[in-house]
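One structure is given here, and the rest of the page talks about it.
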Amino acid sequence: MPNGALRAELLERQERRESSARTYASTLPVAPVHAAGAVVTGADGRTYLDCLSGAGTLALGHNHPATVAALQSVLGSGAPLHTLDMITPQKDAFSGELLRRLPGGLRDTARLHFCSPAGTDAVEAALKLARHATGRRGIVAFTGAYHGMTLGASAVSGPPRMSGAVGADGVPVTRLPYPYGMRCPFGTGDGEESGKLSTRLLESLVTDPSSGVGTPAAVILEVVQGEGGVVEGPDGWLREVRRITAEHGIVLVVDEVQTGIGRTGHYWACERAGITPDVLVTSKAVGGGLPLALIAYRPDLDTWRPGHHTGTFRGNTLAMVAGEITLRTVAEEQLAERAMKLGERIRHGLHGIAAADPSLGEVRGRGLMIGVELVDPDGTPDRNGVPPGDPVRAQAVRAACLERGLILELGGRDDTVVRLLPPLVLTDEQADSVVERLASALEATR
């Protein structure tokens with residue numbers, strides 16, 4: 001069968017069999033059959049540079065040799081692949097490696113709770129733990145957030161398709177403005193100033209007896225909002241949130257599902273600001289490309305009894321093996337530092353393009369978590385003088401990138417931000433090729 005025909009048949013059967021809730025499959029008509037590092041080969045024989053990498057899951061890229069060898073070894077060893085939450089040598093090794101890599105005061109001392117294998121369940125666990133440990137119900141979250149698709153995680157997320165889901169309003173959530181400099185809700189046009197105002201509002205809500213909010217159980221945030229459009233939270237804002245939550249006995253939950261394990265140029269994104277959360281949520285890269293999710297938290301918060309948050313698939317053996325290798329490799333090969341340098345290289349190239357193209361409203365990000373917000377320079381600006389986003393152009397750019405062998409996705413308000421999440425093992429040459437292909441796609445869609 002010709003490769004093109006195989007691709008067409010696979011896509012047609014998927015369209016017929018799977019739900020209309022498909023996401024990446026509906027915008028990236030690729031049927032992958034082979035992958036190595038940052039390169040994916042489709043059923044039609046075409047090769048692509050993968051700047052999606054499993055939505056940031058594949059820190060070491062596709063089929064990392066050490067990971068594949070370790071997985072083959074455990075598969076041939078007779079080790080049990082499914083043990084509920086019982087201990088195995090593989091789980092013990094993974095746990096030890098993770099504890100050594102945790103930020104600040106969590107390092108070596110945290111309690112770990114293994115969740116069902118998606119990050120959204122780890123968010124659910126974090127919220128439930130905070131409410132159980134404090135005896136309070138309220139949660140403070142931020143505009144533009146993405147924390148997952150189950151009801152509790154949806155409730156603390158921003159997009160209406162999630163926060164407006166049936167039942168999501170059962171979680172009492174107070175939402176504060178995230179410090180988004182380009183589209184600052186306070187009209188400052190500056191992320192640092194926006195962060196100061198946001199934390200001032202937070203402190204007022206929890207100290208004013210007439211605020212109508214009261215002391216919440218938890219504050220949940222992302223250091224860099226990924227799906228929200230690669231919006232960075234300033235270090236000063238993060239430190240103030242940490243101060244306020246600590247002073248008022250509020251559990252600070254930091255969602256590092258996408259930012260963790262070297263992605264932003266630090267092992268954990270919160271480390272740049274020098275803060276330690278009470279609960280750290282991790283998934284994606286922590287499983288080395290296989291499904292794994294867990295929370296790490298202060299031991300004194302461990303007020304649960306057996307069965308308070310459970311699930312059948314709480315950390316399979318293969319994910320533990322792949323995860324241990326990823327955690328160790330990122331540290332030993334200094335891939336966080338590598339991500340920082342490569343990210344600067346890519347952003348430098350994109351800034352050069354933006355200087356000559358006003359439709360690139362902003363280039364931003366940390367490490368290999370990069371966003372380009374596309375705007376319509378001729379559109380009616382908002383009250384702060386910022387042009388509107390251009391979702392039609394963004395969709396055209398995504399399609400043009402795919403034609404040029406570059407896989408990427410969109411995010412942000414109305415999906416107007418082109419997002420790059422390549423594996424941390426991207427080469428210099430591949431990084432330059434990413435910029436060249438994106439530049440060509442932008443030129444073709446002007």
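Residues in the structure tokens are numbered from 1 in each chain, the chains being A, B, ... in the order shown, and ligands are numbered from 1 in the order shown.
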
- request: Can you check which residues of stretch 40-90 of chain A DSSP gives as strand (DSSP E or B) on the backbone and send them as a PyMOL selection string?
  value: chain A and resi 40-42+47-50+62

Report as CSV the residues of stretch 321-349 of chain A within 7 Å of stretch 54-76 of chain A, each with its shortest atom pair and distance in Å (one decimal), using only C-alpha atoms, ordered by chain and increasing residue number.
residue,atom,partner,partner_atom,distance
A:Val321,CA,A:Leu71,CA,6.9
A:Ala322,CA,A:Thr67,CA,5.5
A:Ile325,CA,A:Thr67,CA,6.4
A:Thr326,CA,A:Leu60,CA,6.8

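Here the question is which of A:Gly288, A:Gly226, A:Gly189, A:Gly78 gets nearest to A:Thr264 using only C-alpha atoms, and that residue is A:Gly226.
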
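In terms of minimum interatomic distance to A:Ala296, A:Ala122 ranks closest within A:Ile275, A:Ala217, A:Ala122, A:Ala246, counting only C-alpha atoms.
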
Pick from A:Leu318, A:Leu28, A:Leu421, A:Leu335, whichever lies nearest to A:Pro89 using only C-alpha atoms: A:Leu318

field: Top pick for closest residue to A:Ser95, considering A:Ile407, A:Val363, A:Ala130, A:Ala319 and counting only C-alpha atoms
entry: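 Looking only at the distances to A:Ser95, the closest residue turns out to be A:Ala319.
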
- prompt: How many Å lie between atom CA of A:Ile244 and atom CA of A:Glu203, rounded to one decimal?
  reply: 6.5 Å

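Neighbouring residues of A:Gly311 at 12 Å or closer, counting only C-alpha atoms and skipping chain neighbours under 4 positions away, are Thr83, Leu84, Asp85, His113, Phe114, Cys115, Ser116, Pro117, Ala118, Asp121, Ala122, Ala125, Ala293, Leu294, Pro306, Gly307, Gly315 and Asn316 of chain A.
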
Atom CA of A:Pro29 to atom CA of A:Leu290, distance in Å rounded to a single decimal: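 Interatomic distance here is 22.6 Å.
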
task: Please provide the set of residues having any atom within 12 Å of A:Asp414, restricted to only C-alpha atoms, with same-chain residues fewer than 4 positions apart removed, written as a list in words.
output: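 Here the answer would be Gly144, Pro159, Pro160, Arg161, Glu227, Gly228, Gly229, Glu373, Leu374, Val375, Pro388, Gly389, Asp390, Pro391, Val392, Arg393, Ala394, Gln395, Leu410 and Val418 of chain A.
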
Can you write just those residues out, N, CA and C atoms, as a short mmCIF file (atom, residue, chain, number, x, y, z; two decimals), in the first residue's frame?
data_model
loop_
_atom_site.label_atom_id
_atom_site.label_comp_id
_atom_site.auth_asym_id
_atom_site.auth_seq_id
_atom_site.Cartn_x
_atom_site.Cartn_y
_atom_site.Cartn_z
N GLY A 144 -6.59 32.83 32.85
CA GLY A 144 -5.71 32.24 31.85
C GLY A 144 -5.12 30.90 32.22
N PRO A 159 -10.25 28.98 30.59
CA PRO A 159 -11.12 28.96 29.40
C PRO A 159 -12.54 28.53 29.73
N PRO A 160 -13.55 29.19 29.14
CA PRO A 160 -14.94 28.86 29.46
C PRO A 160 -15.34 27.44 29.11
N ARG A 161 -14.66 26.83 28.14
CA ARG A 161 -14.99 25.44 27.81
C ARG A 161 -14.66 24.52 28.96
N GLU A 227 -0.76 26.61 28.25
CA GLU A 227 -1.93 26.71 27.40
C GLU A 227 -2.49 28.13 27.40
N GLY A 228 -2.21 28.87 28.45
CA GLY A 228 -2.66 30.25 28.55
C GLY A 228 -1.93 31.21 27.64
N GLY A 229 -0.91 30.72 26.91
CA GLY A 229 -0.22 31.56 25.95
C GLY A 229 1.23 31.85 26.26
N GLU A 373 2.93 35.74 20.14
CA GLU A 373 1.55 36.19 20.05
C GLU A 373 1.34 36.96 18.76
N LEU A 374 0.42 36.48 17.93
CA LEU A 374 0.13 37.11 16.66
C LEU A 374 -1.03 38.09 16.81
N VAL A 375 -0.86 39.28 16.27
CA VAL A 375 -1.88 40.32 16.37
C VAL A 375 -2.21 40.85 14.98
N PRO A 388 -5.66 43.74 18.56
CA PRO A 388 -6.32 42.47 18.86
C PRO A 388 -5.52 41.28 18.34
N GLY A 389 -5.73 40.14 18.96
CA GLY A 389 -5.12 38.93 18.47
C GLY A 389 -5.67 38.54 17.11
N ASP A 390 -4.94 37.69 16.40
CA ASP A 390 -5.33 37.30 15.04
C ASP A 390 -5.43 35.77 14.96
N PRO A 391 -6.57 35.20 15.40
CA PRO A 391 -6.69 33.73 15.40
C PRO A 391 -6.67 33.12 14.01
N VAL A 392 -7.20 33.83 13.01
CA VAL A 392 -7.20 33.29 11.65
C VAL A 392 -5.78 33.16 11.13
N ARG A 393 -4.98 34.17 11.34
CA ARG A 393 -3.56 34.12 10.93
C ARG A 393 -2.83 33.02 11.70
N ALA A 394 -3.09 32.90 12.98
CA ALA A 394 -2.42 31.89 13.78
C ALA A 394 -2.70 30.49 13.24
N GLN A 395 -3.95 30.22 12.89
CA GLN A 395 -4.30 28.92 12.32
C GLN A 395 -3.59 28.70 10.99
N LEU A 410 -1.05 25.91 19.06
CA LEU A 410 -1.44 27.25 19.44
C LEU A 410 -1.94 27.27 20.88
N VAL A 418 1.42 31.23 18.92
CA VAL A 418 2.15 30.08 18.37
C VAL A 418 3.10 29.59 19.44
#

message: Report, in Å with one decimal, the straight-line distance from atom CA of A:Thr199 to atom CA of A:Arg107.
response: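 Distance reported for this atom pair: 27.0 Å.
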
- line: Of A:Glu271, A:Glu256, A:Asp44, A:Glu333, the one sitting nearest A:Ala285 when using only C-alpha atoms is A:Glu256

message: Please list as a list in words every residue within 8 Å of A:Leu408, counting only C-alpha atoms and excluding residues in the same chain fewer than 4 positions away.
response: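 The residues that qualify are Asp50, Cys51, Leu52, Arg398, Cys401, Leu402, Val418, Arg419, Leu420 and Leu421 of chain A.
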
Export C-alpha atoms of the chosen residues as a PDB file, in the first residue's frame?
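Okay, this is what ended up in part-v8.pdb:
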ATOM      1  CA  ASP A  50       8.503  18.010  16.620  1.00  0.00           C
ATOM      2  CA  CYS A  51       8.043  21.237  18.574  1.00  0.00           C
ATOM      3  CA  LEU A  52       5.065  19.825  20.428  1.00  0.00           C
ATOM      4  CA  ARG A 398       0.207  26.453  12.131  1.00  0.00           C
ATOM      5  CA  CYS A 401       4.458  25.199   9.517  1.00  0.00           C
ATOM      6  CA  LEU A 402       3.110  21.684   9.074  1.00  0.00           C
ATOM      7  CA  VAL A 418       2.145  30.080  18.366  1.00  0.00           C
ATOM      8  CA  ARG A 419       3.763  27.762  20.922  1.00  0.00           C
ATOM      9  CA  LEU A 420       7.085  25.929  20.742  1.00  0.00           C
ATOM     10  CA  LEU A 421       7.754  23.018  23.142  1.00  0.00           C
TER      11      LEU A 421
END

- prompt: Residues at most 12 Å from A:Leu99, counting only C-alpha atoms, excluding those fewer than 4 positions away in the same chain, as a count of residues only?
  reply: 21
